[in-house]
$ cat upload-v4.cif   # mmCIF, C-alpha atoms and all ligand atoms
data_coords
loop_
_atom_site.label_atom_id
_atom_site.label_comp_id
_atom_site.auth_asym_id
_atom_site.auth_seq_id
_atom_site.Cartn_x
_atom_site.Cartn_y
_atom_site.Cartn_z
CA MET A 1 185.18 166.68 113.24
CA ASN A 2 182.62 169.44 113.49
CA PHE A 3 180.08 168.83 116.26
CA LEU A 4 177.60 171.28 114.76
CA LEU A 5 175.33 170.03 111.99
CA ASP A 6 175.00 172.31 108.98
CA ASP A 7 171.59 173.57 107.88
CA ASP A 8 171.08 170.81 105.30
CA GLN A 9 171.96 168.11 107.83
CA LYS A 10 169.60 169.64 110.39
CA LYS A 11 166.82 169.73 107.80
CA LEU A 12 167.40 166.08 106.87
CA GLN A 13 167.44 165.07 110.53
CA SER A 14 164.23 166.94 111.37
CA THR A 15 162.41 165.64 108.27
CA VAL A 16 163.15 162.04 109.21
CA GLU A 17 162.44 162.70 112.90
CA GLU A 18 159.01 164.07 112.03
CA PHE A 19 158.24 161.17 109.70
CA ALA A 20 159.35 158.66 112.34
CA ARG A 21 157.25 160.31 115.05
CA GLU A 22 154.14 160.76 112.97
CA ARG A 23 154.11 157.78 110.61
CA ILE A 24 156.23 155.00 112.16
CA ALA A 25 155.85 155.32 115.94
CA PRO A 26 152.04 154.99 115.94
CA VAL A 27 152.19 151.65 114.07
CA ALA A 28 155.41 150.19 115.48
CA GLU A 29 153.69 147.96 118.06
CA LYS A 30 151.31 146.59 115.45
CA LEU A 31 154.16 145.90 113.03
CA ASP A 32 155.93 143.97 115.79
CA ARG A 33 152.79 141.94 116.49
CA ASP A 34 152.02 141.25 112.82
CA GLY A 35 155.61 140.31 112.00
CA VAL A 36 155.34 141.24 108.34
CA PHE A 37 157.68 143.55 106.44
CA PRO A 38 155.76 146.85 105.97
CA THR A 39 156.20 147.44 102.24
CA SER A 40 154.02 150.53 101.91
CA LEU A 41 155.61 152.23 104.94
CA PHE A 42 159.03 151.45 103.48
CA HIS A 43 157.97 153.09 100.22
CA GLU A 44 156.86 156.16 102.18
CA LEU A 45 160.26 156.26 103.85
CA ALA A 46 161.84 156.06 100.41
CA ASP A 47 159.59 158.87 99.18
CA ILE A 48 161.15 161.26 101.70
CA GLY A 49 164.52 160.20 100.32
CA VAL A 50 165.97 158.00 103.08
CA THR A 51 167.01 155.08 100.86
CA SER A 52 168.82 157.40 98.45
CA ILE A 53 170.94 159.41 100.91
CA PRO A 54 174.46 157.95 100.44
CA PHE A 55 174.22 157.00 96.75
CA SER A 56 175.72 159.00 93.95
CA GLU A 57 173.42 161.17 91.86
CA GLU A 58 174.24 158.98 88.86
CA TRP A 59 171.98 156.28 90.37
CA GLY A 60 169.30 158.66 91.62
CA GLY A 61 170.93 159.25 94.99
CA MET A 62 171.37 162.43 97.01
CA GLY A 63 175.15 162.18 96.79
CA LEU A 64 175.54 162.54 100.56
CA GLY A 65 177.64 160.43 102.91
CA THR A 66 177.58 157.75 105.58
CA PHE A 67 177.22 160.50 108.18
CA GLU A 68 173.94 161.78 106.71
CA MET A 69 172.63 158.21 106.45
CA VAL A 70 173.48 157.80 110.13
CA LEU A 71 171.52 160.95 111.02
CA ALA A 72 168.45 159.54 109.27
CA LEU A 73 168.72 155.95 110.55
CA GLU A 74 169.11 157.16 114.13
CA GLN A 75 165.70 158.83 113.96
CA ILE A 76 164.02 155.73 112.51
CA ALA A 77 165.58 153.39 115.09
CA ARG A 78 164.48 155.77 117.84
CA VAL A 79 160.93 154.54 117.25
CA ASP A 80 161.35 151.23 115.36
CA GLN A 81 164.70 149.46 115.12
CA SER A 82 163.18 146.70 112.98
CA LEU A 83 162.37 149.06 110.11
CA ALA A 84 165.70 150.84 110.53
CA VAL A 85 167.52 147.51 110.16
CA SER A 86 165.67 146.45 107.02
CA THR A 87 166.45 149.85 105.54
CA MET A 88 170.11 149.82 106.45
CA VAL A 89 170.72 146.28 105.15
CA SER A 90 169.34 147.27 101.76
CA VAL A 91 171.34 150.50 101.68
CA ALA A 92 174.57 148.81 102.81
CA THR A 93 174.11 146.05 100.22
CA GLY A 94 173.36 148.63 97.52
CA LEU A 95 176.50 150.55 98.46
CA THR A 96 178.51 147.32 98.19
CA LEU A 97 177.13 146.75 94.69
CA GLY A 98 177.78 150.41 93.87
CA ARG A 99 181.43 150.02 94.89
CA PHE A 100 182.25 146.66 93.40
CA GLY A 101 179.58 145.76 90.83
CA SER A 102 179.92 146.01 87.06
CA ASP A 103 178.26 148.88 85.18
CA ALA A 104 175.67 146.45 83.82
CA GLN A 105 174.83 145.14 87.31
CA LYS A 106 174.54 148.66 88.67
CA GLN A 107 172.41 149.89 85.79
CA LYS A 108 170.03 146.98 86.13
CA TYR A 109 169.66 146.83 89.91
CA LEU A 110 170.79 149.99 91.66
CA PRO A 111 168.17 152.58 90.61
CA ASP A 112 165.30 150.59 92.17
CA ILE A 113 167.28 150.05 95.39
CA VAL A 114 168.19 153.73 95.60
CA ALA A 115 164.58 154.75 94.94
CA GLY A 116 163.36 152.25 97.56
CA LYS A 117 161.08 150.52 95.05
CA LYS A 118 162.97 147.31 95.82
CA ILE A 119 165.03 145.95 98.70
CA CYS A 120 168.10 143.70 98.73
CA ALA A 121 170.05 141.32 100.96
CA ILE A 122 173.62 140.30 101.71
CA ALA A 123 174.18 136.67 102.60
CA GLY A 124 177.21 135.28 104.34
CA THR A 125 176.04 133.33 107.40
CA GLU A 126 175.33 129.61 107.10
CA PRO A 127 173.73 127.15 109.53
CA ASN A 128 177.15 125.86 110.59
CA ALA A 129 179.27 129.01 110.39
CA GLY A 130 178.72 132.69 111.14
CA SER A 131 181.64 134.48 112.80
CA ASP A 132 184.01 131.98 111.23
CA THR A 133 183.50 132.92 107.59
CA ALA A 134 186.20 130.47 106.52
CA GLY A 135 183.78 127.72 107.56
CA PHE A 136 181.19 128.57 104.88
CA THR A 137 180.47 125.66 102.57
CA THR A 138 177.95 126.91 99.98
CA ARG A 139 179.79 126.02 96.84
CA GLY A 140 179.87 127.11 93.21
CA ARG A 141 181.19 124.94 90.35
CA LEU A 142 181.92 126.32 86.92
CA VAL A 143 180.54 123.93 84.28
CA ASP A 144 180.75 124.97 80.61
CA GLY A 145 180.90 128.65 81.55
CA ILE A 146 177.90 128.47 83.91
CA TRP A 147 178.18 128.60 87.69
CA ARG A 148 176.16 125.99 89.53
CA ILE A 149 175.56 126.89 93.20
CA ASN A 150 174.57 124.47 95.97
CA GLY A 151 174.22 125.09 99.68
CA GLU A 152 172.33 127.03 102.30
CA LYS A 153 172.50 130.42 104.03
CA ALA A 154 170.93 131.18 107.40
CA TYR A 155 169.31 134.19 109.12
CA ILE A 156 169.35 136.44 106.07
CA THR A 157 167.60 139.82 106.22
CA ASN A 158 165.42 141.18 103.38
CA ALA A 159 165.55 138.22 100.95
CA GLY A 160 161.90 137.15 101.03
CA THR A 161 159.73 140.29 100.98
CA ASP A 162 157.35 141.09 98.14
CA ILE A 163 159.85 143.70 96.91
CA SER A 164 163.08 141.71 97.36
CA SER A 165 165.22 142.18 94.27
CA PHE A 166 168.45 140.23 94.77
CA ALA A 167 170.90 138.90 97.32
CA LEU A 168 174.68 139.25 97.24
CA VAL A 169 175.76 135.75 98.22
CA LEU A 170 179.21 134.58 99.29
CA VAL A 171 180.09 131.24 97.72
CA VAL A 172 183.15 128.97 97.89
CA THR A 173 184.53 128.82 94.35
CA SER A 174 187.80 126.97 94.92
CA PRO A 175 187.68 123.25 94.17
CA PRO A 176 187.14 120.95 97.19
CA GLU A 177 190.72 119.67 96.92
CA ALA A 178 192.27 123.18 97.05
CA PRO A 179 194.53 123.65 100.12
CA LYS A 180 192.85 126.97 100.94
CA LYS A 181 189.28 128.08 100.22
CA SER A 182 188.58 131.05 98.01
CA PHE A 183 185.22 132.76 97.73
CA SER A 184 183.31 134.74 95.15
CA LEU A 185 180.42 137.11 95.61
CA PHE A 186 177.40 136.43 93.39
CA LEU A 187 174.43 138.63 92.60
CA VAL A 188 171.46 136.28 92.78
CA PRO A 189 168.19 137.81 91.54
CA ASN A 190 164.97 136.71 93.26
CA GLY A 191 163.17 134.28 91.00
CA THR A 192 166.35 132.60 89.72
CA ARG A 193 165.73 128.89 89.21
CA GLY A 194 167.32 126.84 92.00
CA TYR A 195 167.34 129.78 94.43
CA LYS A 196 164.66 129.76 97.09
CA PRO A 197 164.24 131.91 100.20
CA GLY A 198 162.77 129.58 102.86
CA GLU A 199 160.06 130.17 105.44
CA LYS A 200 160.66 133.18 107.66
CA TYR A 201 161.92 132.47 111.16
CA ARG A 202 159.93 133.15 114.34
CA LYS A 203 162.07 135.63 116.23
CA MET A 204 162.51 137.31 119.62
CA GLY A 205 162.75 140.76 117.99
CA TRP A 206 163.11 142.53 114.63
CA ARG A 207 159.78 140.90 113.91
CA SER A 208 158.73 143.06 111.01
CA SER A 209 162.16 142.70 109.42
CA ASP A 210 162.23 139.73 107.03
CA THR A 211 164.68 136.97 108.10
CA ARG A 212 164.91 133.64 106.28
CA PRO A 213 167.20 130.80 105.29
CA LEU A 214 168.20 130.75 101.61
CA TYR A 215 168.45 127.50 99.65
CA PHE A 216 170.57 126.91 96.56
CA ASP A 217 169.83 123.75 94.66
CA ASP A 218 171.77 123.62 91.37
CA CYS A 219 171.15 127.35 91.03
CA GLU A 220 172.62 128.36 87.68
CA LEU A 221 174.26 131.76 87.25
CA GLY A 222 176.21 133.29 84.40
CA PRO A 223 179.61 134.96 84.68
CA ASP A 224 177.73 138.29 84.64
CA ASN A 225 176.41 137.49 88.10
CA VAL A 226 179.85 137.55 89.71
CA VAL A 227 180.43 140.80 91.63
CA GLY A 228 184.05 141.91 91.34
CA GLU A 229 186.61 139.25 90.55
CA VAL A 230 186.18 135.52 90.88
CA ASP A 231 187.86 134.21 94.08
CA LYS A 232 188.13 137.70 95.58
CA GLY A 233 184.64 137.88 97.09
CA ARG A 234 185.41 137.45 100.78
CA LEU A 235 187.01 140.87 101.05
CA LEU A 236 184.02 142.45 99.30
CA LEU A 237 181.62 140.83 101.76
CA HIS A 238 183.75 142.10 104.66
CA LYS A 239 183.69 145.61 103.20
CA GLY A 240 179.90 145.35 102.91
CA TYR A 241 179.65 144.17 106.51
CA GLN A 242 181.92 147.04 107.61
CA GLN A 243 179.55 149.55 106.05
CA ALA A 244 176.62 147.80 107.71
CA ARG A 245 178.54 147.91 111.01
CA VAL A 246 178.36 151.71 111.18
CA PHE A 247 174.67 151.53 110.34
CA LEU A 248 173.92 148.77 112.85
CA SER A 249 175.70 150.80 115.56
CA THR A 250 173.38 153.65 114.60
CA CYS A 251 170.32 151.43 114.95
CA SER A 252 171.36 150.76 118.56
CA LEU A 253 172.17 154.42 119.16
CA GLY A 254 168.70 155.43 117.96
CA LEU A 255 167.09 152.73 120.08
CA ALA A 256 169.08 153.89 123.15
CA GLN A 257 167.90 157.46 122.55
CA GLY A 258 164.33 156.18 122.17
CA SER A 259 164.66 154.29 125.47
CA LEU A 260 165.80 157.50 127.15
CA ASP A 261 162.87 159.44 125.61
CA LEU A 262 160.43 156.85 126.97
CA ALA A 263 162.01 156.83 130.44
CA VAL A 264 162.00 160.63 130.80
CA SER A 265 158.43 160.94 129.64
CA TYR A 266 157.17 158.15 131.92
CA ALA A 267 159.13 159.47 134.92
CA LYS A 268 157.36 162.81 134.57
CA GLU A 269 153.90 161.34 134.30
CA ARG A 270 153.92 158.35 136.72
CA ARG A 271 153.06 159.26 140.28
CA ALA A 272 154.14 157.51 143.49
CA PHE A 273 154.48 158.63 147.12
CA GLY A 274 152.72 161.93 146.46
CA GLY A 275 154.75 163.11 143.44
CA SER A 276 156.10 162.09 140.05
CA ILE A 277 158.65 159.26 140.11
CA GLY A 278 160.93 161.65 138.20
CA LYS A 279 161.46 163.45 141.51
CA LEU A 280 162.96 160.30 143.08
CA GLN A 281 166.73 160.46 143.02
CA LEU A 282 167.26 156.79 142.19
CA ILE A 283 165.04 157.23 139.12
CA GLN A 284 167.03 160.36 138.24
CA LYS A 285 170.23 158.32 138.55
CA MET A 286 168.97 155.69 136.09
CA ILE A 287 167.94 158.38 133.63
CA ALA A 288 171.20 160.32 133.97
CA ASP A 289 173.15 157.07 133.42
CA MET A 290 171.17 156.45 130.24
CA ALA A 291 171.87 159.98 129.01
CA VAL A 292 175.61 159.51 129.53
CA LYS A 293 175.59 156.22 127.61
CA VAL A 294 173.54 157.67 124.75
CA GLU A 295 175.77 160.71 124.40
CA THR A 296 178.95 158.61 124.51
CA ALA A 297 177.56 156.20 121.92
CA ARG A 298 176.61 159.12 119.69
CA MET A 299 180.20 160.36 119.82
CA VAL A 300 181.76 157.06 118.78
CA VAL A 301 179.15 156.33 116.11
CA TYR A 302 179.29 159.80 114.57
CA LYS A 303 183.07 159.66 114.67
CA ALA A 304 183.12 156.30 112.87
CA ALA A 305 180.67 157.63 110.25
CA TRP A 306 182.57 160.86 109.76
CA LEU A 307 185.91 159.04 109.45
CA SER A 308 184.32 156.59 106.98
CA ASP A 309 183.36 159.51 104.78
CA GLN A 310 186.97 160.74 104.85
CA GLY A 311 188.18 157.24 104.00
CA LEU A 312 190.04 157.22 107.32
CA ALA A 313 188.02 154.87 109.54
CA THR A 314 190.13 152.06 110.94
CA GLY A 315 188.81 148.66 111.93
CA LYS A 316 189.22 149.80 115.53
CA ASP A 317 187.00 152.87 115.02
CA LEU A 318 184.26 150.70 113.53
CA ALA A 319 184.63 147.98 116.15
CA ILE A 320 184.49 150.44 119.06
CA ALA A 321 181.32 152.04 117.65
CA LYS A 322 179.68 148.66 117.03
CA TYR A 323 180.71 147.18 120.39
CA TYR A 324 179.83 150.18 122.52
CA ALA A 325 176.59 151.31 120.87
CA THR A 326 175.06 147.85 120.59
CA GLU A 327 175.90 146.97 124.21
CA ILE A 328 174.52 150.21 125.64
CA GLY A 329 171.40 149.83 123.46
CA SER A 330 170.45 146.82 125.58
CA GLU A 331 171.51 148.53 128.81
CA CYS A 332 169.36 151.58 128.06
CA ALA A 333 166.33 149.52 127.02
CA ASN A 334 166.70 147.53 130.23
CA LEU A 335 166.91 150.69 132.35
CA ALA A 336 163.85 152.10 130.55
CA ILE A 337 161.94 148.97 131.55
CA GLN A 338 163.03 149.46 135.17
CA VAL A 339 161.74 153.05 135.14
CA HIS A 340 158.42 151.81 133.75
CA GLY A 341 158.00 149.23 136.55
CA GLY A 342 155.49 146.44 135.81
CA TRP A 343 154.18 148.26 132.76
CA GLY A 344 157.65 147.98 131.25
CA PHE A 345 157.32 144.19 131.24
CA MET A 346 154.15 144.29 129.13
CA ASP A 347 154.30 143.62 125.41
CA ASP A 348 152.37 146.82 124.75
CA CYS A 349 155.02 148.98 126.41
CA PRO A 350 157.52 150.02 123.71
CA ALA A 351 160.45 149.60 126.12
CA SER A 352 159.95 145.83 126.19
CA ARG A 353 160.04 145.72 122.38
CA TYR A 354 163.20 147.82 122.43
CA LEU A 355 164.95 145.27 124.66
CA ARG A 356 163.86 142.36 122.45
CA ASP A 357 164.86 144.17 119.25
CA ASN A 358 168.30 145.24 120.39
CA ARG A 359 169.24 141.79 121.68
CA VAL A 360 170.45 140.64 118.27
CA CYS A 361 172.62 143.72 117.72
CA THR A 362 175.42 142.39 119.93
CA ILE A 363 175.35 139.14 117.91
CA GLY A 364 174.89 140.10 114.26
CA ASP A 365 177.44 141.63 111.92
CA GLY A 366 180.37 140.65 114.13
CA SER A 367 179.37 139.83 117.70
CA SER A 368 180.61 141.80 120.72
CA GLN A 369 183.21 139.09 121.28
CA ILE A 370 184.50 139.47 117.72
CA GLN A 371 184.57 143.28 118.04
CA THR A 372 186.64 143.07 121.24
CA LEU A 373 189.10 140.77 119.48
CA LEU A 374 189.38 143.22 116.58
CA ILE A 375 190.05 146.08 119.01
CA ALA A 376 192.67 144.09 120.91
CA ARG A 377 194.35 143.10 117.64
CA GLU A 378 194.59 146.70 116.49
CA LEU A 379 196.13 147.56 119.86
CA GLY A 380 198.97 145.23 118.97
CA LEU A 381 197.97 142.21 121.01
CA ASP A 382 198.54 138.75 119.64
CA VAL A 383 194.93 137.83 118.87
CA SER A 384 194.01 134.42 117.60
CA PHE A 385 190.47 133.84 116.38
CA ALA A 386 190.84 130.09 116.71
C1 LIG B 401 167.77 138.49 113.02
C2 LIG B 401 169.09 138.19 112.35
C3 LIG B 401 169.38 138.76 111.12
C4 LIG B 401 170.58 138.45 110.47
N1 LIG B 401 170.82 138.96 109.21
C5 LIG B 401 171.92 138.54 108.53
C6 LIG B 401 172.15 138.93 107.16
O1 LIG B 401 171.36 139.71 106.58
N2 LIG B 401 173.24 138.45 106.52
C7 LIG B 401 174.12 137.60 107.11
O2 LIG B 401 175.07 137.17 106.47
N3 LIG B 401 173.94 137.20 108.41
C8 LIG B 401 172.88 137.65 109.11
N4 LIG B 401 172.68 137.23 110.41
C9 LIG B 401 173.64 136.33 111.02
C10 LIG B 401 174.56 136.98 112.02
O3 LIG B 401 175.45 137.88 111.38
C11 LIG B 401 175.29 135.84 112.77
O4 LIG B 401 174.31 135.25 113.62
C12 LIG B 401 176.49 136.32 113.53
O5 LIG B 401 177.53 136.68 112.65
C13 LIG B 401 177.03 135.26 114.50
O6 LIG B 401 177.22 134.05 113.83
P1 LIG B 401 176.60 132.69 114.43
O7 LIG B 401 175.16 132.93 114.70
O8 LIG B 401 176.97 131.58 113.52
O9 LIG B 401 177.30 132.50 115.82
P2 LIG B 401 178.78 131.83 116.05
O10 LIG B 401 179.75 132.43 115.10
O11 LIG B 401 178.63 130.35 116.07
O12 LIG B 401 179.08 132.36 117.50
C14 LIG B 401 178.49 131.76 118.68
C15 LIG B 401 179.11 132.47 119.88
O13 LIG B 401 180.54 132.27 119.89
C16 LIG B 401 181.19 133.53 119.95
N5 LIG B 401 182.44 133.45 119.18
C17 LIG B 401 182.61 133.06 117.89
N6 LIG B 401 183.89 133.12 117.54
C18 LIG B 401 184.58 133.56 118.64
C19 LIG B 401 185.94 133.83 118.92
N7 LIG B 401 186.91 133.66 118.01
N8 LIG B 401 186.26 134.26 120.18
C20 LIG B 401 185.31 134.44 121.11
N9 LIG B 401 184.01 134.19 120.90
C21 LIG B 401 183.64 133.77 119.68
C22 LIG B 401 180.21 134.52 119.34
O14 LIG B 401 180.46 135.86 119.78
C23 LIG B 401 178.89 133.98 119.87
O15 LIG B 401 178.70 134.45 121.17
C24 LIG B 401 171.51 137.58 111.09
C25 LIG B 401 171.22 137.05 112.35
C26 LIG B 401 170.03 137.32 112.97
C27 LIG B 401 169.75 136.68 114.31
#

$ encode --input "upload-v4.cif" --output "structure tokens"
Amino acid sequence: MNFLLDDDQKKLQSTVEEFARERIAPVAEKLDRDGVFPTSLFHELADIGVTSIPFSEEWGGMGLGTFEMVLALEQIARVDQSLAVSTMVSVATGLTLGRFGSDAQKQKYLPDIVAGKKICAIAGTEPNAGSDTAGFTTRGRLVDGIWRINGEKAYITNAGTDISSFALVLVVTSPPEAPKKSFSLFLVPNGTRGYKPGEKYRKMGWRSSDTRPLYFDDCELGPDNVVGEVDKGRLLLHKGYQQARVFLSTCSLGLAQGSLDLAVSYAKERRAFGGSIGKLQLIQKMIADMAVKVETARMVVYKAAWLSDQGLATGKDLAIAKYYATEIGSECANLAIQVHGGWGFMDDCPASRYLRDNRVCTIGDGSSQIQTLLIARELGLDVSFA
């Protein structure tokens, strides 16, 4: 792995950094307060090319890799993790469709996702099962060549915005009496009869990212809506989640770097006992600790992204990046609050938003507990998920 970015990568990074600093950072607090997905800002982000980075040129993409997407997402999450997450979910879902969808599905849906005109969702979690994907119960029955879907998904990102295009939904397609469940992945366009995104949740963080339950009530889909092969969908969803895992790690990395930026800047400007608090050694210790965590997270996340692009990333590489970066995201946001003193506890101080936003990152897309089990399993330990 080369630690030096090439000129194109540096240009991409600085373009997104500038956009994030000038266009996103000034409105991030308001977006958090309003709690509405910022469609026009997302379109602006798409206009500078962010949503197209890892897609092939055939679909309007830049033909770059996971690593370049990571460089861009890191800069967005540095100022607003909520927007970074909405972006990455759509990109990861689009990549899943790009890998496993039919030509017709790709032709119809991918160009708008790549161009950022539309946004899409991936739906596994249900009210009664998240980590334990075998416990999903949303079910599809094939009747006269038409799939009829019934059930409910929970906590799904991006399904109910004004530009939501479709959701990739994991559905049990084995009959109830089958000894073992099998699943299929369905492309469900917004507006399909019997499919309804519910009311958005009130949340601790990621407030401008759209999160809703999805309801399926005799939702009818044709065979063309199956992504990949019938009964082979669970693996596809896991592959989609794995891609998202690198991106979610990046969202925490960017947030950790943003926490460090805030802490350094405040330590220089805040005065106590006749000088800046940045001259106090215990403040310096907190800031140095943050810098070490950020740099270490960057190494594991970049490594996971780089290996993904070579097709060499193992489950352990992805799990280490996800586990470490998401945990230190919260640690760094918490330290940034400490450096800010009472001001850090106020809603208007970005550090408090950072702590709220990152809290879900150690839960979603394979919790920290699940990542540690995956690491232990790859180290040869006898890991049981039960
Ligand atoms: C804001 C938000 C957005 C989300 N967006 C999406 C989305 O777009 N698509 C989607 O499909 N899902 C999404 N999710 C759901 C998320 O992925 C799940 O919440 C997550 O996978 C955990 O599942 P759960 O909530 O059912 O918790 P559970 O699986 O019930 O876990 C509860 C606790 O038990 C622990 N646990 C579970 N199994 C084990 C085990 N074997 N060993 C040790 N500990 C264990 C977990 O780590 C956790 O601490 C989102 C969630 C949130 C909050």

$ residues_near_ligand --input "upload-v4.cif" --ligand "ligand LIG 401 (chain B)" --cutoff "7 Å" --atoms "all atoms listed in the file" --output "count of residues only"
31

$ atom_distance --input "upload-v4.cif" --atom1 "atom CA of Leu373 of chain A" --atom2 "atom CA of Lys153 of chain A"
24.9 Å

$ closest_residue --input "upload-v4.cif" --among "A:Leu142, A:Cys219, A:Met204, A:Leu236" --to "Leu97 of chain A" --atoms "only C-alpha atoms"
A:Leu236

$ atom_distance --input "upload-v4.cif" --atom1 "atom CA of Lys279 of chain A" --atom2 "atom CA of Tyr266 of chain A"
11.8 Å

$ closest_residue --input "upload-v4.cif" --among "A:Ser82, A:Ser308, A:Thr137, A:Thr161" --to "Lys203 of chain A" --atoms "only C-alpha atoms"
A:Ser82

$ atom_distance --input "upload-v4.cif" --atom1 "atom CA of Leu214 of chain A" --atom2 "atom CA of Pro197 of chain A"
4.4 Å

$ residues_around --input "upload-v4.cif" --residues "segment 107-109 of chain A" --least-positions-apart "5" --cutoff "12 Å" --atoms "only C-alpha atoms" --output "PyMOL selection string"
chain A and resi 58-60+90+93-95+97-98+101-102+114-120+164-168+187-190+224-225

$ closest_residue --input "upload-v4.cif" --among "A:Leu355, A:Lys285, A:Glu378, A:Tyr215" --to "Asp317 of chain A" --atoms "all atoms listed in the file"
A:Glu378

$ residues_around --input "upload-v4.cif" --residues "Ile283 of chain A" --least-positions-apart "5" --cutoff "10 Å" --atoms "all atoms listed in the file" --output "ChimeraX atom specification"
/A:263-264,267,277-278,288-289,335,338-339

$ residues_around --input "upload-v4.cif" --residues "segment 41-45 of chain A" --least-positions-apart "4" --cutoff "8 Å" --atoms "all atoms listed in the file" --output "list in words"
Phe19, Ile24, Gly49, Val50, Thr51, Leu83, Thr87, Gly116 and Lys117 of chain A

$ write_last_selection --input "upload-v4.cif" --atoms "C-alpha atoms" --output "mmCIF file, in the frame of the given file"
data_model
loop_
_atom_site.group_PDB
_atom_site.id
_atom_site.type_symbol
_atom_site.label_atom_id
_atom_site.label_comp_id
_atom_site.auth_asym_id
_atom_site.auth_seq_id
_atom_site.Cartn_x
_atom_site.Cartn_y
_atom_site.Cartn_z
ATOM 1 C CA PHE A 19 158.240 161.170 109.700
ATOM 2 C CA ILE A 24 156.230 155.000 112.160
ATOM 3 C CA GLY A 49 164.520 160.200 100.320
ATOM 4 C CA VAL A 50 165.970 158.000 103.080
ATOM 5 C CA THR A 51 167.010 155.080 100.860
ATOM 6 C CA LEU A 83 162.370 149.060 110.110
ATOM 7 C CA THR A 87 166.450 149.850 105.540
ATOM 8 C CA GLY A 116 163.360 152.250 97.560
ATOM 9 C CA LYS A 117 161.080 150.520 95.050
#

$ residues_around --input "upload-v4.cif" --residues "segment 169-183 of chain A" --least-positions-apart "2" --cutoff "6 Å" --atoms "only C-alpha atoms" --output "number ranges by chain"
A: 123-124, 138-140, 167, 185-186, 231, 233-234

$ closest_residue --input "upload-v4.cif" --among "A:Thr362, A:Ser14, A:Gln242, A:Gln105" --to "Gly228 of chain A" --atoms "only C-alpha atoms"
A:Gln105

$ closest_residue --input "upload-v4.cif" --among "A:Ser209, A:Thr296, A:Ser352, A:Asn358" --to "Leu255 of chain A" --atoms "only C-alpha atoms"
A:Asn358

$ residues_around --input "upload-v4.cif" --residues "Val301 of chain A" --least-positions-apart "4" --cutoff "8 Å" --atoms "all atoms listed in the file" --output "PDB file with C-alpha atoms, keeping the file's coordinate frame"
ATOM      1  CA  VAL A 246     178.360 151.710 111.180  1.00  0.00           C
ATOM      2  CA  SER A 249     175.700 150.800 115.560  1.00  0.00           C
ATOM      3  CA  THR A 250     173.380 153.650 114.600  1.00  0.00           C
ATOM      4  CA  LEU A 253     172.170 154.420 119.160  1.00  0.00           C
ATOM      5  CA  ALA A 297     177.560 156.200 121.920  1.00  0.00           C
ATOM      6  CA  ALA A 305     180.670 157.630 110.250  1.00  0.00           C
ATOM      7  CA  ALA A 321     181.320 152.040 117.650  1.00  0.00           C
ATOM      8  CA  LYS A 322     179.680 148.660 117.030  1.00  0.00           C
ATOM      9  CA  ALA A 325     176.590 151.310 120.870  1.00  0.00           C
TER      10      ALA A 325
END

$ axis_aligned_box --input "upload-v4.cif" --around "segment 85-92 of chain A" --padding-each-side "5 Å" --output "AutoDock Vina command-line options"
--center_x 170.1 --center_y 148.4 --center_z 105.9 --size_x 18.9 --size_y 14.2 --size_z 18.5

$ closest_residue --input "upload-v4.cif" --among "A:Met286, A:Val143, A:Cys361, A:Ala256" --to "Gly329 of chain A" --atoms "only C-alpha atoms"
A:Ala256
